[in-house]
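> Data: protein_19.pdb, PDB, C-alpha atoms and all ligand atoms.
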```pdb
ATOM      1  CA  MET A  64       6.447 -21.015 -18.903  1.00  0.00           C
ATOM      2  CA  THR A  65       7.569 -17.416 -19.305  1.00  0.00           C
ATOM      3  CA  LEU A  66       8.014 -15.136 -16.288  1.00  0.00           C
ATOM      4  CA  ARG A  67       8.367 -11.362 -16.668  1.00  0.00           C
ATOM      5  CA  ILE A  68       8.900  -8.762 -13.962  1.00  0.00           C
ATOM      6  CA  GLY A  69       8.224  -5.041 -14.215  1.00  0.00           C
ATOM      7  CA  GLN A  70       8.457  -2.048 -11.940  1.00  0.00           C
ATOM      8  CA  GLY A  71       6.768   1.338 -12.003  1.00  0.00           C
ATOM      9  CA  TRP A  72       7.211   4.627 -10.162  1.00  0.00           C
ATOM     10  CA  ASP A  73       5.057   7.729 -10.213  1.00  0.00           C
ATOM     11  CA  ARG A  74       4.677  10.937  -8.279  1.00  0.00           C
ATOM     12  CA  HIS A  75       1.985  13.629  -8.339  1.00  0.00           C
ATOM     13  CA  ARG A  76       1.788  16.954  -6.569  1.00  0.00           C
ATOM     14  CA  LEU A  77      -0.982  17.096  -3.934  1.00  0.00           C
ATOM     15  CA  VAL A  78      -3.056  20.270  -4.112  1.00  0.00           C
ATOM     16  CA  PRO A  79      -6.219  21.528  -2.369  1.00  0.00           C
ATOM     17  CA  GLY A  80      -9.504  21.275  -4.225  1.00  0.00           C
ATOM     18  CA  ARG A  81      -8.638  18.246  -6.349  1.00  0.00           C
ATOM     19  CA  PRO A  82     -10.598  14.993  -5.959  1.00  0.00           C
ATOM     20  CA  CYS A  83      -8.399  12.464  -4.180  1.00  0.00           C
ATOM     21  CA  ILE A  84      -8.407   9.170  -6.079  1.00  0.00           C
ATOM     22  CA  LEU A  85      -5.651   6.601  -5.563  1.00  0.00           C
ATOM     23  CA  GLY A  86      -5.692   3.016  -6.789  1.00  0.00           C
ATOM     24  CA  GLY A  87      -9.119   3.760  -8.242  1.00  0.00           C
ATOM     25  CA  VAL A  88     -10.493   4.439  -4.758  1.00  0.00           C
ATOM     26  CA  ASP A  89     -12.031   7.744  -3.738  1.00  0.00           C
ATOM     27  CA  PHE A  90     -10.923   9.492  -0.517  1.00  0.00           C
ATOM     28  CA  PRO A  91     -13.795  11.982  -0.171  1.00  0.00           C
ATOM     29  CA  GLY A  92     -12.662  13.541   3.130  1.00  0.00           C
ATOM     30  CA  CYS A  93      -9.134  14.348   1.947  1.00  0.00           C
ATOM     31  CA  PRO A  94      -8.442  18.118   1.678  1.00  0.00           C
ATOM     32  CA  VAL A  95      -5.873  17.571  -1.092  1.00  0.00           C
ATOM     33  CA  GLY A  96      -5.789  15.498  -4.243  1.00  0.00           C
ATOM     34  CA  PRO A  97      -3.210  14.581  -6.892  1.00  0.00           C
ATOM     35  CA  LEU A  98      -2.716  17.111  -9.665  1.00  0.00           C
ATOM     36  CA  GLY A  99      -2.447  15.672 -13.164  1.00  0.00           C
ATOM     37  CA  HIS A 100      -3.667  15.767 -16.733  1.00  0.00           C
ATOM     38  CA  SER A 101      -5.684  12.650 -15.948  1.00  0.00           C
ATOM     39  CA  ASP A 102      -7.159  12.137 -12.463  1.00  0.00           C
ATOM     40  CA  GLY A 103      -3.546  12.015 -11.193  1.00  0.00           C
ATOM     41  CA  ASP A 104      -3.915   8.542  -9.710  1.00  0.00           C
ATOM     42  CA  ALA A 105      -0.234   7.813  -9.028  1.00  0.00           C
ATOM     43  CA  VAL A 106      -0.988   4.254  -7.871  1.00  0.00           C
ATOM     44  CA  CYS A 107      -2.708   3.272 -11.116  1.00  0.00           C
ATOM     45  CA  HIS A 108       0.040   4.992 -13.116  1.00  0.00           C
ATOM     46  CA  ALA A 109       2.823   3.126 -11.296  1.00  0.00           C
ATOM     47  CA  VAL A 110       0.973  -0.181 -11.760  1.00  0.00           C
ATOM     48  CA  THR A 111       0.420   0.573 -15.459  1.00  0.00           C
ATOM     49  CA  ASP A 112       4.126   1.306 -15.932  1.00  0.00           C
ATOM     50  CA  ALA A 113       5.036  -1.907 -14.086  1.00  0.00           C
ATOM     51  CA  VAL A 114       2.801  -3.960 -16.401  1.00  0.00           C
ATOM     52  CA  LEU A 115       4.176  -2.220 -19.487  1.00  0.00           C
ATOM     53  CA  GLY A 116       7.721  -2.639 -18.225  1.00  0.00           C
ATOM     54  CA  ALA A 117       7.231  -6.351 -17.699  1.00  0.00           C
ATOM     55  CA  VAL A 118       6.400  -6.932 -21.365  1.00  0.00           C
ATOM     56  CA  GLY A 119       8.730  -4.320 -22.864  1.00  0.00           C
ATOM     57  CA  GLY A 120       5.700  -2.211 -23.723  1.00  0.00           C
ATOM     58  CA  GLY A 121       7.228   1.216 -23.168  1.00  0.00           C
ATOM     59  CA  ASP A 122       5.555   3.506 -20.639  1.00  0.00           C
ATOM     60  CA  ILE A 123       2.266   5.135 -19.775  1.00  0.00           C
ATOM     61  CA  GLY A 124       3.316   8.492 -21.263  1.00  0.00           C
ATOM     62  CA  ARG A 125       3.863   6.874 -24.637  1.00  0.00           C
ATOM     63  CA  LEU A 126       0.463   5.153 -24.599  1.00  0.00           C
ATOM     64  CA  PHE A 127      -1.515   8.059 -23.177  1.00  0.00           C
ATOM     65  CA  PRO A 128       0.408  11.311 -23.843  1.00  0.00           C
ATOM     66  CA  ASP A 129      -0.560  14.248 -21.612  1.00  0.00           C
ATOM     67  CA  THR A 130      -0.649  16.402 -24.751  1.00  0.00           C
ATOM     68  CA  ASP A 131      -3.666  14.420 -25.971  1.00  0.00           C
ATOM     69  CA  PRO A 132      -6.993  16.000 -24.896  1.00  0.00           C
ATOM     70  CA  ARG A 133      -8.581  12.507 -24.979  1.00  0.00           C
ATOM     71  CA  TRP A 134      -6.859  11.691 -21.672  1.00  0.00           C
ATOM     72  CA  GLU A 135      -7.694  14.932 -19.884  1.00  0.00           C
ATOM     73  CA  GLY A 136      -9.381  14.060 -16.592  1.00  0.00           C
ATOM     74  CA  ALA A 137      -9.149  10.388 -17.570  1.00  0.00           C
ATOM     75  CA  ASP A 138     -10.094   7.660 -15.100  1.00  0.00           C
ATOM     76  CA  SER A 139      -6.712   6.013 -14.531  1.00  0.00           C
ATOM     77  CA  VAL A 140      -8.307   2.616 -13.829  1.00  0.00           C
ATOM     78  CA  ASP A 141      -9.561   2.841 -17.407  1.00  0.00           C
ATOM     79  CA  LEU A 142      -6.010   3.613 -18.602  1.00  0.00           C
ATOM     80  CA  LEU A 143      -4.767   0.553 -16.700  1.00  0.00           C
ATOM     81  CA  VAL A 144      -7.480  -1.615 -18.261  1.00  0.00           C
ATOM     82  CA  ARG A 145      -6.502  -0.343 -21.717  1.00  0.00           C
ATOM     83  CA  ALA A 146      -2.806  -1.046 -21.067  1.00  0.00           C
ATOM     84  CA  TRP A 147      -3.551  -4.489 -19.612  1.00  0.00           C
ATOM     85  CA  ALA A 148      -5.771  -5.746 -22.461  1.00  0.00           C
ATOM     86  CA  PRO A 149      -2.977  -6.424 -25.008  1.00  0.00           C
ATOM     87  CA  VAL A 150      -0.766  -7.931 -22.276  1.00  0.00           C
ATOM     88  CA  ARG A 151      -3.552 -10.332 -21.331  1.00  0.00           C
ATOM     89  CA  GLY A 152      -3.992 -10.882 -25.074  1.00  0.00           C
ATOM     90  CA  GLN A 153      -0.411 -12.170 -25.209  1.00  0.00           C
ATOM     91  CA  GLY A 154      -1.426 -14.800 -22.642  1.00  0.00           C
ATOM     92  CA  PHE A 155       0.020 -13.237 -19.496  1.00  0.00           C
ATOM     93  CA  ARG A 156      -1.591 -13.291 -16.077  1.00  0.00           C
ATOM     94  CA  VAL A 157      -0.568 -11.700 -12.786  1.00  0.00           C
ATOM     95  CA  VAL A 158       1.471 -13.832 -10.377  1.00  0.00           C
ATOM     96  CA  ASN A 159       1.578 -10.992  -7.842  1.00  0.00           C
ATOM     97  CA  LEU A 160       1.612  -7.229  -7.619  1.00  0.00           C
ATOM     98  CA  ASP A 161       3.241  -5.330  -4.771  1.00  0.00           C
ATOM     99  CA  VAL A 162       2.572  -1.605  -4.337  1.00  0.00           C
ATOM    100  CA  THR A 163       4.013   0.968  -1.940  1.00  0.00           C
ATOM    101  CA  VAL A 164       2.272   4.322  -1.530  1.00  0.00           C
ATOM    102  CA  ILE A 165       4.208   7.147   0.164  1.00  0.00           C
ATOM    103  CA  CYS A 166       2.237  10.174   1.345  1.00  0.00           C
ATOM    104  CA  GLU A 167       1.231  12.134   4.434  1.00  0.00           C
ATOM    105  CA  GLN A 168      -2.425  12.073   3.438  1.00  0.00           C
ATOM    106  CA  PRO A 169      -4.820  10.495   2.744  1.00  0.00           C
ATOM    107  CA  ALA A 170      -4.491   7.561   5.158  1.00  0.00           C
ATOM    108  CA  ILE A 171      -4.135   4.595   2.798  1.00  0.00           C
ATOM    109  CA  ALA A 172      -4.424   1.632   5.174  1.00  0.00           C
ATOM    110  CA  PRO A 173      -8.206   1.820   5.808  1.00  0.00           C
ATOM    111  CA  ARG A 174      -8.830   1.633   2.062  1.00  0.00           C
ATOM    112  CA  ALA A 175      -5.987  -0.668   1.020  1.00  0.00           C
ATOM    113  CA  ALA A 176      -8.340  -3.637   0.604  1.00  0.00           C
ATOM    114  CA  ALA A 177     -10.659  -1.571  -1.609  1.00  0.00           C
ATOM    115  CA  MET A 178      -7.647  -0.527  -3.691  1.00  0.00           C
ATOM    116  CA  ALA A 179      -6.538  -4.145  -4.090  1.00  0.00           C
ATOM    117  CA  ALA A 180     -10.066  -5.054  -5.204  1.00  0.00           C
ATOM    118  CA  ARG A 181     -10.115  -2.300  -7.857  1.00  0.00           C
ATOM    119  CA  LEU A 182      -6.680  -3.252  -9.170  1.00  0.00           C
ATOM    120  CA  ALA A 183      -7.562  -6.958  -9.145  1.00  0.00           C
ATOM    121  CA  GLU A 184     -10.650  -6.251 -11.236  1.00  0.00           C
ATOM    122  CA  ALA A 185      -8.648  -4.154 -13.716  1.00  0.00           C
ATOM    123  CA  LEU A 186      -5.961  -6.834 -14.039  1.00  0.00           C
ATOM    124  CA  GLU A 187      -8.462  -9.727 -14.143  1.00  0.00           C
ATOM    125  CA  THR A 188      -6.925 -11.429 -11.126  1.00  0.00           C
ATOM    126  CA  GLU A 189      -7.694 -12.155  -7.459  1.00  0.00           C
ATOM    127  CA  THR A 190      -7.178  -9.683  -4.621  1.00  0.00           C
ATOM    128  CA  GLY A 191      -4.966 -12.257  -2.874  1.00  0.00           C
ATOM    129  CA  ARG A 192      -2.326 -11.633  -5.533  1.00  0.00           C
ATOM    130  CA  ILE A 193      -2.176  -7.912  -4.760  1.00  0.00           C
ATOM    131  CA  ASN A 194      -0.515  -6.253  -1.790  1.00  0.00           C
ATOM    132  CA  ILE A 195      -0.898  -2.552  -0.973  1.00  0.00           C
ATOM    133  CA  LYS A 196       1.545  -1.033   1.500  1.00  0.00           C
ATOM    134  CA  ALA A 197       1.620   2.539   2.712  1.00  0.00           C
ATOM    135  CA  THR A 198       4.271   4.575   4.440  1.00  0.00           C
ATOM    136  CA  ARG A 199       4.854   8.207   5.321  1.00  0.00           C
ATOM    137  CA  GLY A 200       7.788  10.480   4.642  1.00  0.00           C
ATOM    138  CA  GLU A 201       8.528  11.114   8.342  1.00  0.00           C
ATOM    139  CA  GLY A 202       8.806  14.832   7.606  1.00  0.00           C
ATOM    140  CA  LEU A 203      11.505  14.237   5.003  1.00  0.00           C
ATOM    141  CA  GLY A 204      11.419  15.122   1.330  1.00  0.00           C
ATOM    142  CA  PRO A 205       8.386  16.239  -0.666  1.00  0.00           C
ATOM    143  CA  GLU A 206       6.257  13.305   0.579  1.00  0.00           C
ATOM    144  CA  GLY A 207       7.125  14.129   4.195  1.00  0.00           C
ATOM    145  CA  ARG A 208       6.191  17.771   3.638  1.00  0.00           C
ATOM    146  CA  GLY A 209       2.852  16.647   2.210  1.00  0.00           C
ATOM    147  CA  GLU A 210       3.624  18.110  -1.213  1.00  0.00           C
ATOM    148  CA  CYS A 211       3.162  14.931  -3.225  1.00  0.00           C
ATOM    149  CA  VAL A 212       2.102  11.321  -3.342  1.00  0.00           C
ATOM    150  CA  THR A 213       4.571   8.756  -4.673  1.00  0.00           C
ATOM    151  CA  ALA A 214       3.722   5.207  -5.701  1.00  0.00           C
ATOM    152  CA  GLN A 215       5.997   2.281  -6.484  1.00  0.00           C
ATOM    153  CA  ALA A 216       4.840  -0.989  -8.018  1.00  0.00           C
ATOM    154  CA  VAL A 217       6.464  -4.304  -8.837  1.00  0.00           C
ATOM    155  CA  VAL A 218       4.551  -6.898 -10.823  1.00  0.00           C
ATOM    156  CA  LEU A 219       5.395 -10.470 -11.768  1.00  0.00           C
ATOM    157  CA  LEU A 220       3.592 -11.873 -14.797  1.00  0.00           C
ATOM    158  CA  GLU A 221       3.525 -15.426 -16.097  1.00  0.00           C
ATOM    159  CA  LYS A 222       2.572 -16.998 -19.382  1.00  0.00           C
ATOM    160  CA  PRO A 223       1.936 -20.734 -19.025  1.00  0.00           C
TER     161      PRO A 223
HETATM  162 ZN    ZN A 301       1.011   9.813 -13.062  1.00  0.00          ZN
END
```
Go through the file and emit its structure as structure tokens.

Amino acid sequence: MTLRIGQGWDRHRLVPGRPCILGGVDFPGCPVGPLGHSDGDAVCHAVTDAVLGAVGGGDIGRLFPDTDPRWEGADSVDLLVRAWAPVRGQGFRVVNLDVTVICEQPAIAPRAAAMAARLAEALETETGRINIKATRGEGLGPEGRGECVTAQAVVLLEKP
């Protein structure tokens, strides 16, 4: 059996008037949303980088460059699905995925289960293998000032 671990980190500025989508889940009441060439979904981007890192597959910017108009406004769950397909094709499956989201808003906890369900579907695994944690910046740094959302992800993959 082969085990591979990968980690991902992403940060997007939060600005008024942008749809707020994190982990593929919509936060319709949120007054700010992540700015980005795609939908700015920092959670999906961190998870994608973790998966790519685990298999030595480079990074999300190499696969989906922000200079390419094809990815403008892209659904980041779709980007994750596209990144996952060749990894699954190599015979890997998810052992577990652990995600930390750091932001002042939106409130992540009420929708953490929905996020896990979206990510589980994208990665063709069960929600029980995915953990979503959220914390706030306690007034410190850009997260604490509400300027950005940061996501960290660690994934363990196995190939029987
Ligand atoms: Zn990103």
> What's the separation between CA of Ala177 (chain A) and CA of Val140 (chain A), in Å to one decimal place?
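The value is 13.1 Å.
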> Please build the interface table for chain A against ligand ZN 301 (chain A) with a cut-off of 6 Å, listing for each qualifying residue the nearest atom pair and the distance in Å to one decimal; count all atoms listed in the file, order rows by chain and increasing number, and write it as a Markdown table.

```
| residue | atom | partner | partner_atom | distance |
| --- | --- | --- | --- | --- |
| A:Asp73 | CA | A:ZN301 | ZN | 5.4 |
| A:Gly103 | CA | A:ZN301 | ZN | 5.4 |
| A:Ala105 | CA | A:ZN301 | ZN | 4.7 |
| A:His108 | CA | A:ZN301 | ZN | 4.9 |
```
> Those same residues - C-alpha atoms - I'd like them written as a PDB file, keeping the file's coordinate frame.

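Below is the file out13.pdb, written as the result:
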```
ATOM      1  CA  ASP A  73       5.057   7.729 -10.213  1.00  0.00           C
ATOM      2  CA  GLY A 103      -3.546  12.015 -11.193  1.00  0.00           C
ATOM      3  CA  ALA A 105      -0.234   7.813  -9.028  1.00  0.00           C
ATOM      4  CA  HIS A 108       0.040   4.992 -13.116  1.00  0.00           C
TER       5      HIS A 108
END
```
> Take CA of Gln70 (chain A) and CA of Thr130 (chain A) and report the distance between them in Å, one decimal.
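Value for the CA of Gln70 (chain A)-CA of Thr130 (chain A) distance: 24.2 Å.
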> CA of Leu98 (chain A) and CA of Met178 (chain A) are how many Å apart?
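Interatomic distance, CA of Leu98 (chain A) to CA of Met178 (chain A): 19.3 Å.
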> Under the PyMOL selection byres (((chain A and resi 146-157) around 12) and not hetatm), which residues of this model are included? Write them out as a PyMOL selection string.
chain A and resi 64-69+107-108+110-127+139-145+158-161+182-193+217-223
> Just the selected residues (C-alpha atoms), exported as a PDB file, in the frame of the given file, please.

```pdb
ATOM      1  CA  MET A  64       6.447 -21.015 -18.903  1.00  0.00           C
ATOM      2  CA  THR A  65       7.569 -17.416 -19.305  1.00  0.00           C
ATOM      3  CA  LEU A  66       8.014 -15.136 -16.288  1.00  0.00           C
ATOM      4  CA  ARG A  67       8.367 -11.362 -16.668  1.00  0.00           C
ATOM      5  CA  ILE A  68       8.900  -8.762 -13.962  1.00  0.00           C
ATOM      6  CA  GLY A  69       8.224  -5.041 -14.215  1.00  0.00           C
ATOM      7  CA  CYS A 107      -2.708   3.272 -11.116  1.00  0.00           C
ATOM      8  CA  HIS A 108       0.040   4.992 -13.116  1.00  0.00           C
ATOM      9  CA  VAL A 110       0.973  -0.181 -11.760  1.00  0.00           C
ATOM     10  CA  THR A 111       0.420   0.573 -15.459  1.00  0.00           C
ATOM     11  CA  ASP A 112       4.126   1.306 -15.932  1.00  0.00           C
ATOM     12  CA  ALA A 113       5.036  -1.907 -14.086  1.00  0.00           C
ATOM     13  CA  VAL A 114       2.801  -3.960 -16.401  1.00  0.00           C
ATOM     14  CA  LEU A 115       4.176  -2.220 -19.487  1.00  0.00           C
ATOM     15  CA  GLY A 116       7.721  -2.639 -18.225  1.00  0.00           C
ATOM     16  CA  ALA A 117       7.231  -6.351 -17.699  1.00  0.00           C
ATOM     17  CA  VAL A 118       6.400  -6.932 -21.365  1.00  0.00           C
ATOM     18  CA  GLY A 119       8.730  -4.320 -22.864  1.00  0.00           C
ATOM     19  CA  GLY A 120       5.700  -2.211 -23.723  1.00  0.00           C
ATOM     20  CA  GLY A 121       7.228   1.216 -23.168  1.00  0.00           C
ATOM     21  CA  ASP A 122       5.555   3.506 -20.639  1.00  0.00           C
ATOM     22  CA  ILE A 123       2.266   5.135 -19.775  1.00  0.00           C
ATOM     23  CA  GLY A 124       3.316   8.492 -21.263  1.00  0.00           C
ATOM     24  CA  ARG A 125       3.863   6.874 -24.637  1.00  0.00           C
ATOM     25  CA  LEU A 126       0.463   5.153 -24.599  1.00  0.00           C
ATOM     26  CA  PHE A 127      -1.515   8.059 -23.177  1.00  0.00           C
ATOM     27  CA  SER A 139      -6.712   6.013 -14.531  1.00  0.00           C
ATOM     28  CA  VAL A 140      -8.307   2.616 -13.829  1.00  0.00           C
ATOM     29  CA  ASP A 141      -9.561   2.841 -17.407  1.00  0.00           C
ATOM     30  CA  LEU A 142      -6.010   3.613 -18.602  1.00  0.00           C
ATOM     31  CA  LEU A 143      -4.767   0.553 -16.700  1.00  0.00           C
ATOM     32  CA  VAL A 144      -7.480  -1.615 -18.261  1.00  0.00           C
ATOM     33  CA  ARG A 145      -6.502  -0.343 -21.717  1.00  0.00           C
ATOM     34  CA  VAL A 158       1.471 -13.832 -10.377  1.00  0.00           C
ATOM     35  CA  ASN A 159       1.578 -10.992  -7.842  1.00  0.00           C
ATOM     36  CA  LEU A 160       1.612  -7.229  -7.619  1.00  0.00           C
ATOM     37  CA  ASP A 161       3.241  -5.330  -4.771  1.00  0.00           C
ATOM     38  CA  LEU A 182      -6.680  -3.252  -9.170  1.00  0.00           C
ATOM     39  CA  ALA A 183      -7.562  -6.958  -9.145  1.00  0.00           C
ATOM     40  CA  GLU A 184     -10.650  -6.251 -11.236  1.00  0.00           C
ATOM     41  CA  ALA A 185      -8.648  -4.154 -13.716  1.00  0.00           C
ATOM     42  CA  LEU A 186      -5.961  -6.834 -14.039  1.00  0.00           C
ATOM     43  CA  GLU A 187      -8.462  -9.727 -14.143  1.00  0.00           C
ATOM     44  CA  THR A 188      -6.925 -11.429 -11.126  1.00  0.00           C
ATOM     45  CA  GLU A 189      -7.694 -12.155  -7.459  1.00  0.00           C
ATOM     46  CA  THR A 190      -7.178  -9.683  -4.621  1.00  0.00           C
ATOM     47  CA  GLY A 191      -4.966 -12.257  -2.874  1.00  0.00           C
ATOM     48  CA  ARG A 192      -2.326 -11.633  -5.533  1.00  0.00           C
ATOM     49  CA  ILE A 193      -2.176  -7.912  -4.760  1.00  0.00           C
ATOM     50  CA  VAL A 217       6.464  -4.304  -8.837  1.00  0.00           C
ATOM     51  CA  VAL A 218       4.551  -6.898 -10.823  1.00  0.00           C
ATOM     52  CA  LEU A 219       5.395 -10.470 -11.768  1.00  0.00           C
ATOM     53  CA  LEU A 220       3.592 -11.873 -14.797  1.00  0.00           C
ATOM     54  CA  GLU A 221       3.525 -15.426 -16.097  1.00  0.00           C
ATOM     55  CA  LYS A 222       2.572 -16.998 -19.382  1.00  0.00           C
ATOM     56  CA  PRO A 223       1.936 -20.734 -19.025  1.00  0.00           C
TER      57      PRO A 223
END
```
> Of the candidates A:Ala109, A:Cys93, A:Val88, A:Leu203, which one gets nearest to Ala170 (chain A) if we count all atoms listed in the file?
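Using all atoms listed in the file, Ala170 (chain A) sits closest to A:Cys93.
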> Find the residues with any atom within 12 Å of (-5.3, 21.0, -7.4); use all atoms listed in the file and the coordinates as given in the file, and write the answer as a count of residues only.
21
> The PyMOL selection byres (((chain A and resi 165) around 7) and not hetatm) on the file shown: which residues, as a ChimeraX atom specification?
/A:163-164,166,197-200,206,212-214
> May I ask you to restore N, CA and C atoms in region 184-197 of chain A and write the result as a compact mmCIF listing (two decimals), in the coordinates of the input?

```txt
# COMPACT_ATOMS: atom_id res chain seq x y z
N GLU A 184 -9.63 -6.25 -10.18
CA GLU A 184 -10.65 -6.25 -11.24
C GLU A 184 -10.04 -5.78 -12.56
N ALA A 185 -9.25 -4.71 -12.49
CA ALA A 185 -8.65 -4.15 -13.72
C ALA A 185 -7.69 -5.15 -14.36
N LEU A 186 -6.98 -5.91 -13.53
CA LEU A 186 -5.96 -6.83 -14.04
C LEU A 186 -6.48 -8.27 -14.15
N GLU A 187 -7.80 -8.42 -13.98
CA GLU A 187 -8.46 -9.73 -14.14
C GLU A 187 -7.77 -10.81 -13.30
N THR A 188 -7.56 -10.48 -12.03
CA THR A 188 -6.92 -11.43 -11.13
C THR A 188 -7.62 -11.39 -9.77
N GLU A 189 -7.07 -12.12 -8.79
CA GLU A 189 -7.69 -12.16 -7.46
C GLU A 189 -7.00 -11.16 -6.53
N THR A 190 -7.75 -10.67 -5.55
CA THR A 190 -7.18 -9.68 -4.62
C THR A 190 -6.02 -10.28 -3.82
N GLY A 191 -6.03 -11.60 -3.62
CA GLY A 191 -4.97 -12.26 -2.87
C GLY A 191 -3.60 -12.15 -3.54
N ARG A 192 -3.59 -11.78 -4.81
CA ARG A 192 -2.33 -11.63 -5.53
C ARG A 192 -1.80 -10.20 -5.47
N ILE A 193 -2.54 -9.33 -4.79
CA ILE A 193 -2.18 -7.91 -4.76
C ILE A 193 -1.95 -7.45 -3.33
N ASN A 194 -0.83 -6.78 -3.11
CA ASN A 194 -0.52 -6.25 -1.79
C ASN A 194 -0.32 -4.74 -1.88
N ILE A 195 -1.02 -4.01 -1.02
CA ILE A 195 -0.90 -2.55 -0.97
C ILE A 195 -0.26 -2.17 0.36
N LYS A 196 0.88 -1.51 0.29
CA LYS A 196 1.54 -1.03 1.50
C LYS A 196 1.55 0.49 1.48
N ALA A 197 1.56 1.08 2.66
CA ALA A 197 1.62 2.54 2.71
C ALA A 197 2.63 2.95 3.76
```
